[in-house]
>>> print(open('data_39.cif').read())   # mmCIF, C-alpha atoms
data_protein
#
loop_
_atom_site.group_PDB
_atom_site.id
_atom_site.type_symbol
_atom_site.label_atom_id
_atom_site.label_comp_id
_atom_site.auth_asym_id
_atom_site.auth_seq_id
_atom_site.Cartn_x
_atom_site.Cartn_y
_atom_site.Cartn_z
ATOM 1 C CA MET A 269 0.000 0.000 0.000
ATOM 2 C CA ASP A 270 2.944 2.320 0.584
ATOM 3 C CA ASP A 271 3.554 2.607 -3.165
ATOM 4 C CA ALA A 272 -0.074 2.875 -4.349
ATOM 5 C CA GLY A 273 -1.949 6.017 -5.379
ATOM 6 C CA VAL A 274 -5.696 6.707 -5.302
ATOM 7 C CA TYR A 275 -7.456 8.937 -7.822
ATOM 8 C CA LYS A 276 -11.110 9.836 -7.320
ATOM 9 C CA LEU A 277 -13.003 9.904 -10.616
ATOM 10 C CA THR A 278 -16.651 10.226 -9.554
ATOM 11 C CA GLU A 279 -18.733 9.942 -6.404
ATOM 12 C CA ASP A 280 -18.954 6.189 -7.052
ATOM 13 C CA LEU A 281 -15.544 5.342 -8.468
ATOM 14 C CA ALA A 282 -11.885 5.764 -7.594
ATOM 15 C CA LEU A 283 -8.818 4.264 -9.249
ATOM 16 C CA ILE A 284 -5.968 2.618 -7.365
ATOM 17 C CA GLN A 285 -2.677 2.463 -9.233
ATOM 18 C CA SER A 286 0.505 0.775 -8.055
ATOM 19 C CA ILE A 287 3.772 -0.550 -9.431
ATOM 20 C CA ASP A 288 6.010 -3.235 -7.970
ATOM 21 C CA TYR A 289 8.942 -5.276 -9.240
ATOM 22 C CA PHE A 290 11.870 -7.191 -7.795
ATOM 23 C CA THR A 291 14.614 -9.681 -8.581
ATOM 24 C CA PRO A 292 14.204 -13.485 -8.429
ATOM 25 C CA ILE A 293 13.873 -15.010 -4.971
ATOM 26 C CA VAL A 294 13.270 -18.634 -5.999
ATOM 27 C CA ASP A 295 14.986 -20.744 -8.648
ATOM 28 C CA ASP A 296 11.751 -21.761 -10.382
ATOM 29 C CA PRO A 297 11.021 -19.024 -12.959
ATOM 30 C CA TYR A 298 7.346 -19.988 -13.248
ATOM 31 C CA MET A 299 6.810 -19.617 -9.493
ATOM 32 C CA PHE A 300 8.823 -16.405 -9.455
ATOM 33 C CA GLY A 301 6.322 -14.998 -11.972
ATOM 34 C CA GLN A 302 3.437 -16.085 -9.755
ATOM 35 C CA ILE A 303 4.962 -14.475 -6.675
ATOM 36 C CA ALA A 304 5.710 -11.214 -8.479
ATOM 37 C CA VAL A 305 2.084 -10.888 -9.566
ATOM 38 C CA ALA A 306 0.668 -11.767 -6.135
ATOM 39 C CA ASN A 307 2.987 -9.186 -4.595
ATOM 40 C CA ALA A 308 2.017 -6.442 -7.055
ATOM 41 C CA LEU A 309 -1.725 -7.026 -6.723
ATOM 42 C CA SER A 310 -1.499 -6.874 -2.937
ATOM 43 C CA ASP A 311 -1.314 -3.063 -2.860
ATOM 44 C CA VAL A 312 -4.782 -2.859 -4.394
ATOM 45 C CA TYR A 313 -6.214 -5.580 -2.164
ATOM 46 C CA ALA A 314 -4.871 -3.851 0.958
ATOM 47 C CA MET A 315 -6.960 -0.772 0.124
ATOM 48 C CA GLY A 316 -10.123 -2.821 -0.316
ATOM 49 C CA GLY A 317 -9.985 -2.496 -4.089
ATOM 50 C CA LYS A 318 -10.452 -4.838 -7.017
ATOM 51 C CA PRO A 319 -7.515 -5.017 -9.459
ATOM 52 C CA LEU A 320 -8.665 -4.948 -13.081
ATOM 53 C CA THR A 321 -5.676 -4.501 -15.383
ATOM 54 C CA ALA A 322 -1.924 -4.944 -15.274
ATOM 55 C CA MET A 323 1.094 -4.167 -17.425
ATOM 56 C CA ASN A 324 4.256 -6.255 -17.242
ATOM 57 C CA VAL A 325 7.534 -4.542 -16.354
ATOM 58 C CA VAL A 326 10.588 -6.620 -17.313
ATOM 59 C CA CYS A 327 14.334 -6.051 -17.106
ATOM 60 C CA PHE A 328 16.142 -8.975 -18.732
ATOM 61 C CA PRO A 329 19.843 -9.850 -19.287
ATOM 62 C CA SER A 330 19.323 -11.200 -22.805
ATOM 63 C CA GLU A 331 23.051 -11.673 -23.438
ATOM 64 C CA THR A 332 23.604 -13.958 -20.450
ATOM 65 C CA MET A 333 20.262 -15.663 -19.819
ATOM 66 C CA ASP A 334 18.153 -18.018 -21.937
ATOM 67 C CA ILE A 335 15.039 -16.259 -23.234
ATOM 68 C CA ALA A 336 13.066 -19.409 -22.303
ATOM 69 C CA ILE A 337 13.451 -18.401 -18.656
ATOM 70 C CA LEU A 338 11.611 -15.169 -19.360
ATOM 71 C CA GLY A 339 8.886 -17.153 -21.084
ATOM 72 C CA GLU A 340 8.330 -19.229 -17.933
ATOM 73 C CA ILE A 341 8.282 -16.119 -15.729
ATOM 74 C CA LEU A 342 5.671 -14.464 -17.914
ATOM 75 C CA LYS A 343 3.608 -17.661 -18.052
ATOM 76 C CA GLY A 344 3.591 -17.889 -14.274
ATOM 77 C CA GLY A 345 2.582 -14.258 -14.042
ATOM 78 C CA LEU A 346 -0.191 -14.629 -16.596
ATOM 79 C CA ASP A 347 -1.614 -17.702 -14.846
ATOM 80 C CA LYS A 348 -1.723 -15.802 -11.547
ATOM 81 C CA MET A 349 -3.406 -12.837 -13.253
ATOM 82 C CA GLN A 350 -6.020 -15.172 -14.678
ATOM 83 C CA GLU A 351 -6.609 -16.599 -11.200
ATOM 84 C CA ALA A 352 -7.120 -13.036 -9.951
ATOM 85 C CA GLU A 353 -9.363 -12.183 -12.939
ATOM 86 C CA VAL A 354 -7.002 -9.406 -13.973
ATOM 87 C CA ALA A 355 -6.471 -8.512 -17.638
ATOM 88 C CA LEU A 356 -2.924 -8.144 -18.964
ATOM 89 C CA VAL A 357 -3.001 -5.097 -21.247
ATOM 90 C CA GLY A 358 0.629 -4.809 -22.294
ATOM 91 C CA GLY A 359 4.036 -4.169 -20.843
ATOM 92 C CA HIS A 360 7.536 -2.776 -21.131
ATOM 93 C CA SER A 361 10.868 -4.584 -21.406
ATOM 94 C CA VAL A 362 14.419 -3.351 -20.960
ATOM 95 C CA ILE A 363 17.755 -5.062 -21.522
ATOM 96 C CA ASP A 364 19.526 -5.002 -18.170
ATOM 97 C CA THR A 365 22.360 -6.786 -16.412
ATOM 98 C CA GLU A 366 19.983 -8.037 -13.698
ATOM 99 C CA LEU A 367 16.668 -9.834 -14.087
ATOM 100 C CA LYS A 368 13.668 -7.985 -12.662
ATOM 101 C CA TYR A 369 9.959 -8.575 -13.102
ATOM 102 C CA GLY A 370 6.874 -6.844 -11.788
ATOM 103 C CA LEU A 371 3.683 -5.089 -12.770
ATOM 104 C CA SER A 372 1.918 -1.778 -12.955
ATOM 105 C CA VAL A 373 -1.590 -2.479 -11.642
ATOM 106 C CA THR A 374 -4.826 -0.502 -11.872
ATOM 107 C CA GLY A 375 -7.859 -1.305 -9.734
ATOM 108 C CA ILE A 376 -11.118 0.261 -8.643
ATOM 109 C CA VAL A 377 -12.828 0.954 -5.329
ATOM 110 C CA HIS A 378 -15.790 3.001 -4.123
ATOM 111 C CA PRO A 379 -14.376 6.279 -2.736
ATOM 112 C CA GLN A 380 -16.253 5.808 0.535
ATOM 113 C CA LYS A 381 -15.011 2.242 0.966
ATOM 114 C CA ILE A 382 -11.266 2.813 0.593
ATOM 115 C CA VAL A 383 -9.320 1.154 3.407
ATOM 116 C CA THR A 384 -6.100 2.991 4.279
ATOM 117 C CA ASN A 385 -3.439 2.634 6.949
ATOM 118 C CA SER A 386 -4.536 5.911 8.584
ATOM 119 C CA SER A 387 -7.882 4.979 10.136
ATOM 120 C CA ALA A 388 -7.044 2.523 12.934
ATOM 121 C CA LYS A 389 -9.143 3.217 16.034
ATOM 122 C CA VAL A 390 -8.356 2.796 19.721
ATOM 123 C CA GLY A 391 -9.709 -0.554 20.892
ATOM 124 C CA ASP A 392 -9.316 -2.233 17.486
ATOM 125 C CA ARG A 393 -7.832 -5.717 17.314
ATOM 126 C CA LEU A 394 -5.013 -6.439 14.865
ATOM 127 C CA ILE A 395 -5.212 -9.466 12.569
ATOM 128 C CA LEU A 396 -2.244 -10.747 10.543
ATOM 129 C CA THR A 397 -3.347 -13.049 7.718
ATOM 130 C CA LYS A 398 -0.065 -14.767 6.716
ATOM 131 C CA PRO A 399 2.850 -16.024 8.823
ATOM 132 C CA LEU A 400 6.171 -14.173 8.852
ATOM 133 C CA GLY A 401 9.544 -15.421 7.713
ATOM 134 C CA THR A 402 9.778 -15.196 3.932
ATOM 135 C CA GLY A 403 12.787 -12.867 3.963
ATOM 136 C CA ILE A 404 14.821 -15.022 6.324
ATOM 137 C CA ILE A 405 13.881 -18.246 4.528
ATOM 138 C CA ASN A 406 14.726 -16.724 1.141
ATOM 139 C CA THR A 407 18.154 -15.892 2.546
ATOM 140 C CA ALA A 408 18.511 -19.544 3.581
ATOM 141 C CA ILE A 409 17.442 -20.613 0.073
ATOM 142 C CA LYS A 410 20.164 -18.454 -1.480
ATOM 143 C CA GLY A 411 22.662 -20.083 0.886
ATOM 144 C CA GLY A 412 21.557 -23.581 -0.100
ATOM 145 C CA LEU A 413 20.363 -24.362 3.437
ATOM 146 C CA ALA A 414 16.610 -24.720 2.924
ATOM 147 C CA SER A 415 15.059 -28.109 2.223
ATOM 148 C CA LYS A 416 12.822 -28.765 -0.787
ATOM 149 C CA GLU A 417 9.860 -29.010 1.592
ATOM 150 C CA THR A 418 10.640 -25.597 3.084
ATOM 151 C CA ILE A 419 11.058 -24.032 -0.355
ATOM 152 C CA THR A 420 7.712 -25.460 -1.476
ATOM 153 C CA LYS A 421 6.013 -24.169 1.660
ATOM 154 C CA VAL A 422 7.369 -20.630 1.528
ATOM 155 C CA THR A 423 6.728 -20.394 -2.219
ATOM 156 C CA ALA A 424 3.071 -21.295 -1.680
ATOM 157 C CA TYR A 425 2.698 -18.568 0.948
ATOM 158 C CA MET A 426 4.252 -15.929 -1.310
ATOM 159 C CA ALA A 427 2.200 -16.933 -4.358
ATOM 160 C CA ARG A 428 -1.084 -16.876 -2.433
ATOM 161 C CA LEU A 429 -3.314 -13.952 -3.342
ATOM 162 C CA ASN A 430 -4.662 -11.619 -0.660
ATOM 163 C CA ARG A 431 -7.891 -11.323 -2.641
ATOM 164 C CA GLU A 432 -10.203 -13.365 -0.416
ATOM 165 C CA ALA A 433 -8.772 -11.840 2.753
ATOM 166 C CA ALA A 434 -9.383 -8.364 1.325
ATOM 167 C CA GLU A 435 -12.971 -9.198 0.397
ATOM 168 C CA LEU A 436 -13.675 -10.555 3.871
ATOM 169 C CA MET A 437 -12.012 -7.502 5.429
ATOM 170 C CA GLN A 438 -14.229 -5.162 3.421
ATOM 171 C CA ALA A 439 -17.390 -7.063 4.285
ATOM 172 C CA ALA A 440 -16.465 -7.054 7.985
ATOM 173 C CA GLY A 441 -15.988 -3.266 8.051
ATOM 174 C CA ALA A 442 -12.255 -3.087 8.770
ATOM 175 C CA HIS A 443 -11.040 0.340 9.834
ATOM 176 C CA ALA A 444 -7.484 0.174 8.476
ATOM 177 C CA CYS A 445 -5.144 -2.147 6.631
ATOM 178 C CA THR A 446 -1.682 -2.469 5.146
ATOM 179 C CA ASP A 447 0.016 -5.314 3.322
ATOM 180 C CA ILE A 448 3.241 -6.622 4.855
ATOM 181 C CA THR A 449 6.109 -6.455 2.393
ATOM 182 C CA GLY A 450 9.616 -5.030 2.386
ATOM 183 C CA PHE A 451 9.351 -2.956 5.566
ATOM 184 C CA GLY A 452 8.457 -6.041 7.622
ATOM 185 C CA LEU A 453 5.616 -6.364 10.117
ATOM 186 C CA LEU A 454 6.969 -3.710 12.452
ATOM 187 C CA GLY A 455 7.913 -1.309 9.677
ATOM 188 C CA HIS A 456 4.415 -1.347 8.229
ATOM 189 C CA ALA A 457 2.872 -1.308 11.716
ATOM 190 C CA CYS A 458 4.893 1.814 12.510
ATOM 191 C CA GLU A 459 3.449 3.474 9.411
ATOM 192 C CA MET A 460 -0.043 2.603 10.613
ATOM 193 C CA THR A 461 0.515 4.038 14.086
ATOM 194 C CA GLN A 462 1.949 7.263 12.671
ATOM 195 C CA ALA A 463 -0.750 7.716 10.046
ATOM 196 C CA SER A 464 -3.571 6.908 12.491
ATOM 197 C CA GLU A 465 -2.026 8.855 15.408
ATOM 198 C CA VAL A 466 -2.398 5.907 17.789
ATOM 199 C CA GLY A 467 -0.250 3.427 19.675
ATOM 200 C CA MET A 468 -0.051 -0.331 19.267
ATOM 201 C CA GLU A 469 0.541 -3.372 21.440
ATOM 202 C CA ILE A 470 1.696 -6.602 19.793
ATOM 203 C CA HIS A 471 1.946 -9.959 21.553
ATOM 204 C CA SER A 472 4.973 -11.696 20.060
ATOM 205 C CA ALA A 473 3.763 -15.170 21.057
ATOM 206 C CA ALA A 474 0.580 -14.647 19.018
ATOM 207 C CA VAL A 475 2.376 -13.664 15.802
ATOM 208 C CA PRO A 476 2.248 -16.523 13.253
ATOM 209 C CA VAL A 477 5.686 -17.549 11.995
ATOM 210 C CA ILE A 478 6.720 -20.136 9.410
ATOM 211 C CA PRO A 479 8.374 -22.702 11.748
ATOM 212 C CA GLU A 480 11.645 -23.040 9.813
ATOM 213 C CA THR A 481 12.178 -19.284 10.169
ATOM 214 C CA ILE A 482 13.157 -19.631 13.826
ATOM 215 C CA GLU A 483 16.040 -22.011 13.144
ATOM 216 C CA PHE A 484 17.411 -19.852 10.345
ATOM 217 C CA ALA A 485 17.022 -16.645 12.388
ATOM 218 C CA ARG A 486 18.956 -18.239 15.237
ATOM 219 C CA MET A 487 21.708 -18.975 12.696
ATOM 220 C CA GLY A 488 21.843 -15.303 11.731
ATOM 221 C CA LEU A 489 20.471 -15.770 8.214
ATOM 222 C CA VAL A 490 18.917 -12.313 8.175
ATOM 223 C CA PRO A 491 18.607 -10.289 4.925
ATOM 224 C CA ALA A 492 20.082 -6.823 4.626
ATOM 225 C CA GLY A 493 16.592 -5.329 4.300
ATOM 226 C CA THR A 494 15.695 -6.590 7.760
ATOM 227 C CA TYR A 495 18.700 -4.845 9.291
ATOM 228 C CA ARG A 496 17.706 -1.631 7.514
ATOM 229 C CA ASN A 497 14.174 -1.954 8.888
ATOM 230 C CA LYS A 498 15.536 -2.325 12.421
ATOM 231 C CA GLU A 499 17.867 0.634 12.055
ATOM 232 C CA PHE A 500 15.111 2.878 10.704
ATOM 233 C CA ARG A 501 12.260 1.965 13.061
ATOM 234 C CA SER A 502 13.796 0.710 16.321
ATOM 235 C CA ASN A 503 13.282 4.108 17.939
ATOM 236 C CA MET A 504 9.508 3.588 17.646
ATOM 237 C CA VAL A 505 9.456 0.058 19.097
ATOM 238 C CA GLU A 506 9.790 -1.008 22.719
ATOM 239 C CA PHE A 507 10.533 -4.713 23.281
ATOM 240 C CA ALA A 508 9.953 -6.536 26.542
ATOM 241 C CA ALA A 509 13.266 -7.783 27.927
ATOM 242 C CA LYS A 510 12.151 -11.392 27.467
ATOM 243 C CA ILE A 511 11.915 -11.098 23.659
ATOM 244 C CA PRO A 512 14.983 -12.877 22.189
ATOM 245 C CA ASP A 513 17.066 -11.287 19.452
ATOM 246 C CA PHE A 514 15.985 -13.824 16.827
ATOM 247 C CA MET A 515 12.322 -12.939 17.398
ATOM 248 C CA ARG A 516 13.094 -9.247 17.054
ATOM 249 C CA ASP A 517 14.692 -10.031 13.692
ATOM 250 C CA ILE A 518 11.606 -11.981 12.606
ATOM 251 C CA LEU A 519 9.272 -9.123 13.518
ATOM 252 C CA PHE A 520 11.380 -6.750 11.394
ATOM 253 C CA ASP A 521 11.970 -9.317 8.632
ATOM 254 C CA ALA A 522 11.572 -7.877 5.121
ATOM 255 C CA GLN A 523 8.723 -9.885 3.601
ATOM 256 C CA THR A 524 7.900 -10.729 0.007
ATOM 257 C CA SER A 525 4.192 -10.939 -0.827
ATOM 258 C CA GLY A 526 3.214 -11.120 2.834
ATOM 259 C CA GLY A 527 -0.246 -11.018 4.331
ATOM 260 C CA LEU A 528 -2.520 -8.190 5.397
ATOM 261 C CA LEU A 529 -2.367 -6.433 8.755
ATOM 262 C CA ILE A 530 -5.983 -5.536 9.485
ATOM 263 C CA SER A 531 -7.253 -3.175 12.191
ATOM 264 C CA ILE A 532 -10.871 -3.978 13.022
ATOM 265 C CA SER A 533 -13.264 -3.450 15.928
ATOM 266 C CA SER A 534 -13.001 -5.927 18.769
ATOM 267 C CA GLU A 535 -16.652 -6.907 18.201
ATOM 268 C CA ALA A 536 -15.953 -7.967 14.589
ATOM 269 C CA ALA A 537 -12.451 -9.409 14.996
ATOM 270 C CA ASP A 538 -13.308 -12.957 16.079
ATOM 271 C CA LYS A 539 -15.862 -13.396 13.306
ATOM 272 C CA LEU A 540 -13.426 -12.149 10.675
ATOM 273 C CA LEU A 541 -10.708 -14.437 12.004
ATOM 274 C CA ASN A 542 -13.004 -17.459 11.782
ATOM 275 C CA GLU A 543 -13.931 -16.544 8.213
ATOM 276 C CA LEU A 544 -10.266 -16.171 7.259
ATOM 277 C CA HIS A 545 -9.542 -19.635 8.647
ATOM 278 C CA LYS A 546 -12.438 -21.149 6.689
ATOM 279 C CA MET A 547 -11.349 -19.347 3.520
ATOM 280 C CA GLY A 548 -7.849 -20.849 3.707
ATOM 281 C CA ASP A 549 -5.649 -18.432 5.692
ATOM 282 C CA LYS A 550 -5.379 -21.001 8.485
ATOM 283 C CA GLU A 551 -2.438 -19.279 10.212
ATOM 284 C CA ALA A 552 -4.229 -15.926 10.463
ATOM 285 C CA ALA A 553 -4.180 -14.672 14.043
ATOM 286 C CA ILE A 554 -5.115 -11.787 16.294
ATOM 287 C CA ILE A 555 -1.725 -10.395 17.285
ATOM 288 C CA GLY A 556 -2.434 -7.195 19.162
ATOM 289 C CA THR A 557 -4.492 -4.114 19.924
ATOM 290 C CA ILE A 558 -4.675 -0.443 18.985
ATOM 291 C CA VAL A 559 -4.185 1.776 22.056
ATOM 292 C CA ASP A 560 -4.232 5.516 22.626
ATOM 293 C CA LYS A 561 -0.817 5.805 24.301
ATOM 294 C CA PRO A 562 2.032 5.972 23.718
ATOM 295 C CA GLU A 563 1.003 7.546 20.427
ATOM 296 C CA GLY A 564 3.218 6.618 17.502
ATOM 297 C CA ARG A 565 4.933 3.785 19.360
ATOM 298 C CA ILE A 566 4.625 -0.003 19.423
ATOM 299 C CA ILE A 567 4.977 -2.067 22.591
ATOM 300 C CA ILE A 568 6.024 -5.711 22.048
ATOM 301 C CA SER A 569 5.259 -8.110 24.883
#
>>> encode(input="data_39.cif", output="structure tokens")
Amino acid sequence: MDDAGVYKLTEDLALIQSIDYFTPIVDDPYMFGQIAVANALSDVYAMGGKPLTAMNVVCFPSETMDIAILGEILKGGLDKMQEAEVALVGGHSVIDTELKYGLSVTGIVHPQKIVTNSSAKVGDRLILTKPLGTGIINTAIKGGLASKETITKVTAYMARLNREAAELMQAAGAHACTDITGFGLLGHACEMTQASEVGMEIHSAAVPVIPETIEFARMGLVPAGTYRNKEFRSNMVEFAAKIPDFMRDILFDAQTSGGLLISISSEAADKLLNELHKMGDKEAAIIGTIVDKPEGRIIIS
């Protein structure tokens, strides 16, 4: 959501436009294409919108890489767009020394139903729809330390659309939302507290985590983006002394195509959580509460 723009057209229609691209994080080019699309569409879903069209954005090292790899990436992306009922309307390609793939996405939403990260209310419960750990596990994959089972698991999480979660969130009357991507859970949570002028309490034991993440975090397999997140936002976060260093890294871990962080009234939270579980986000969990003080800070217990 941090890189999406909203443009009101009429009293009944607003456009959401976003662009996202990144370098490969898995060896399978088809699945990389799927993940890239899921990640790009997430900005629109996080605002309660419906993505309609997309344009491919490709940087490709044609002199050093087989063009068939690009074909598989684009096929994976197209299949994910078809799953999301999004029309591919074109694209741009550039010869580059590094492979990159992403999309420019346009969606629609009713102007009075836009969900932003600036409307969290005191007393709201916080729901996280996907478990954390993709950044740390991707670092382990690059180091050749992740098993095939772990790679399959984390790939499935990253390729999963946030569409159904967004639809349920809208129907439940969520107050605020952000998708969890490169800034990590705490980075995006800090943005929500600042924009909404509230405080936040997060219970670390309630935060869903991909199990293998803990072992790799203990080993120090932490991506550079996670360290940057910690450096930038640590002044806004207060950890209980009992929280181990590896868990602090996980909470700041730079995610790829993560879940939604939803702020919703306490009366509606349990029902939404049950619906998310039934829909397929079985690890979704209530992880904390919006509080009035300390404003602009997050307390981790």
>>> residues_around(input="data_39.cif", residues="Asp347 of chain A", least_positions_apart="5", cutoff="10 Å", atoms="all atoms listed in the file", output="list in words")
Tyr298, Gly301, Gln302, Val305, Leu342, Ala352, Glu353 and Val354 of chain A
>>> closest_residue(input="data_39.cif", among="A:Glu469, A:Asp364, A:Asp311, A:Asp560", to="Ile284 of chain A", atoms="all atoms listed in the file")
A:Asp311
>>> residues_near_point(input="data_39.cif", point="(2.2, -3.4, 16.5)", cutoff="9 Å", atoms="only C-alpha atoms", output="short mmCIF file (atom, residue, chain, number, x, y, z; two decimals) with C-alpha atoms, in the frame of the given file")
data_model
loop_
_atom_site.label_atom_id
_atom_site.label_comp_id
_atom_site.auth_asym_id
_atom_site.auth_seq_id
_atom_site.Cartn_x
_atom_site.Cartn_y
_atom_site.Cartn_z
CA LEU A 394 -5.01 -6.44 14.86
CA LEU A 453 5.62 -6.36 10.12
CA LEU A 454 6.97 -3.71 12.45
CA HIS A 456 4.42 -1.35 8.23
CA ALA A 457 2.87 -1.31 11.72
CA CYS A 458 4.89 1.81 12.51
CA MET A 460 -0.04 2.60 10.61
CA THR A 461 0.52 4.04 14.09
CA GLY A 467 -0.25 3.43 19.68
CA MET A 468 -0.05 -0.33 19.27
CA GLU A 469 0.54 -3.37 21.44
CA ILE A 470 1.70 -6.60 19.79
CA HIS A 471 1.95 -9.96 21.55
CA VAL A 505 9.46 0.06 19.10
CA ILE A 555 -1.72 -10.40 17.28
CA GLY A 556 -2.43 -7.20 19.16
CA THR A 557 -4.49 -4.11 19.92
CA ILE A 558 -4.68 -0.44 18.98
CA ARG A 565 4.93 3.78 19.36
CA ILE A 566 4.62 0.00 19.42
CA ILE A 567 4.98 -2.07 22.59
CA ILE A 568 6.02 -5.71 22.05
#
>>> atom_distance(input="data_39.cif", atom1="atom CA of Val422 of chain A", atom2="atom CA of Gly455 of chain A")
21.0 Å
>>> atom_distance(input="data_39.cif", atom1="atom CA of Asp392 of chain A", atom2="atom CA of Ile518 of chain A")
23.6 Å
>>> atom_distance(input="data_39.cif", atom1="atom CA of Pro512 of chain A", atom2="atom CA of Leu544 of chain A")
29.5 Å
>>> resolve_selection(input="data_39.cif", expression="the PyMOL selection byres ((chain A and resi 536-543) around 10)", output="VMD selection string")
chain A and resid 392 to 397 432 to 433 436 to 437 439 to 442 530 to 535 544 to 554
>>> resolve_selection(input="data_39.cif", expression="the PyMOL selection byres ((chain A and resi 487) around 12)", output="MDAnalysis selection string")
chainID A and resid 404:405 407:408 411 413 480:486 488:490 513:514 517
>>> write_last_selection(input="data_39.cif", atoms="C-alpha atoms", output="CSV table (one decimal), in the frame of the given file")
chain,number,residue,atom,x,y,z
A,404,ILE,CA,14.8,-15.0,6.3
A,405,ILE,CA,13.9,-18.2,4.5
A,407,THR,CA,18.2,-15.9,2.5
A,408,ALA,CA,18.5,-19.5,3.6
A,411,GLY,CA,22.7,-20.1,0.9
A,413,LEU,CA,20.4,-24.4,3.4
A,480,GLU,CA,11.6,-23.0,9.8
A,481,THR,CA,12.2,-19.3,10.2
A,482,ILE,CA,13.2,-19.6,13.8
A,483,GLU,CA,16.0,-22.0,13.1
A,484,PHE,CA,17.4,-19.9,10.3
A,485,ALA,CA,17.0,-16.6,12.4
A,486,ARG,CA,19.0,-18.2,15.2
A,488,GLY,CA,21.8,-15.3,11.7
A,489,LEU,CA,20.5,-15.8,8.2
A,490,VAL,CA,18.9,-12.3,8.2
A,513,ASP,CA,17.1,-11.3,19.5
A,514,PHE,CA,16.0,-13.8,16.8
A,517,ASP,CA,14.7,-10.0,13.7
>>> build_atoms(input="data_39.cif", residues="segment 407-420 of chain A", atoms="N, CA and C atoms", output="PDB file, keeping the file's coordinate frame")
ATOM      1  N   THR A 407      16.708 -15.991   2.327  1.00  0.00           N
ATOM      2  CA  THR A 407      18.154 -15.892   2.546  1.00  0.00           C
ATOM      3  C   THR A 407      18.759 -17.286   2.714  1.00  0.00           C
ATOM      4  N   ALA A 408      18.048 -18.159   3.418  1.00  0.00           N
ATOM      5  CA  ALA A 408      18.511 -19.544   3.581  1.00  0.00           C
ATOM      6  C   ALA A 408      18.500 -20.283   2.244  1.00  0.00           C
ATOM      7  N   ILE A 409      17.506 -19.993   1.400  1.00  0.00           N
ATOM      8  CA  ILE A 409      17.442 -20.613   0.073  1.00  0.00           C
ATOM      9  C   ILE A 409      18.665 -20.210  -0.747  1.00  0.00           C
ATOM     10  N   LYS A 410      18.992 -18.936  -0.730  1.00  0.00           N
ATOM     11  CA  LYS A 410      20.164 -18.454  -1.480  1.00  0.00           C
ATOM     12  C   LYS A 410      21.449 -19.102  -0.971  1.00  0.00           C
ATOM     13  N   GLY A 411      21.489 -19.435   0.311  1.00  0.00           N
ATOM     14  CA  GLY A 411      22.662 -20.083   0.886  1.00  0.00           C
ATOM     15  C   GLY A 411      22.662 -21.595   0.747  1.00  0.00           C
ATOM     16  N   GLY A 412      21.633 -22.130   0.105  1.00  0.00           N
ATOM     17  CA  GLY A 412      21.557 -23.581  -0.100  1.00  0.00           C
ATOM     18  C   GLY A 412      21.240 -24.353   1.158  1.00  0.00           C
ATOM     19  N   LEU A 413      20.604 -23.719   2.146  1.00  0.00           N
ATOM     20  CA  LEU A 413      20.363 -24.362   3.437  1.00  0.00           C
ATOM     21  C   LEU A 413      18.914 -24.789   3.642  1.00  0.00           C
ATOM     22  N   ALA A 414      18.030 -24.389   2.757  1.00  0.00           N
ATOM     23  CA  ALA A 414      16.610 -24.720   2.924  1.00  0.00           C
ATOM     24  C   ALA A 414      16.283 -26.020   2.198  1.00  0.00           C
ATOM     25  N   SER A 415      15.473 -26.848   2.831  1.00  0.00           N
ATOM     26  CA  SER A 415      15.059 -28.109   2.223  1.00  0.00           C
ATOM     27  C   SER A 415      14.044 -27.857   1.110  1.00  0.00           C
ATOM     28  N   LYS A 416      13.825 -28.887   0.271  1.00  0.00           N
ATOM     29  CA  LYS A 416      12.822 -28.765  -0.787  1.00  0.00           C
ATOM     30  C   LYS A 416      11.439 -28.519  -0.189  1.00  0.00           C
ATOM     31  N   GLU A 417      11.155 -29.177   0.941  1.00  0.00           N
ATOM     32  CA  GLU A 417       9.860 -29.010   1.592  1.00  0.00           C
ATOM     33  C   GLU A 417       9.664 -27.567   2.063  1.00  0.00           C
ATOM     34  N   THR A 418      10.725 -26.984   2.621  1.00  0.00           N
ATOM     35  CA  THR A 418      10.640 -25.597   3.084  1.00  0.00           C
ATOM     36  C   THR A 418      10.455 -24.634   1.913  1.00  0.00           C
ATOM     37  N   ILE A 419      11.179 -24.884   0.831  1.00  0.00           N
ATOM     38  CA  ILE A 419      11.058 -24.032  -0.355  1.00  0.00           C
ATOM     39  C   ILE A 419       9.637 -24.095  -0.909  1.00  0.00           C
ATOM     40  N   THR A 420       9.086 -25.305  -0.978  1.00  0.00           N
ATOM     41  CA  THR A 420       7.712 -25.460  -1.476  1.00  0.00           C
ATOM     42  C   THR A 420       6.723 -24.716  -0.587  1.00  0.00           C
TER      43      THR A 420
END
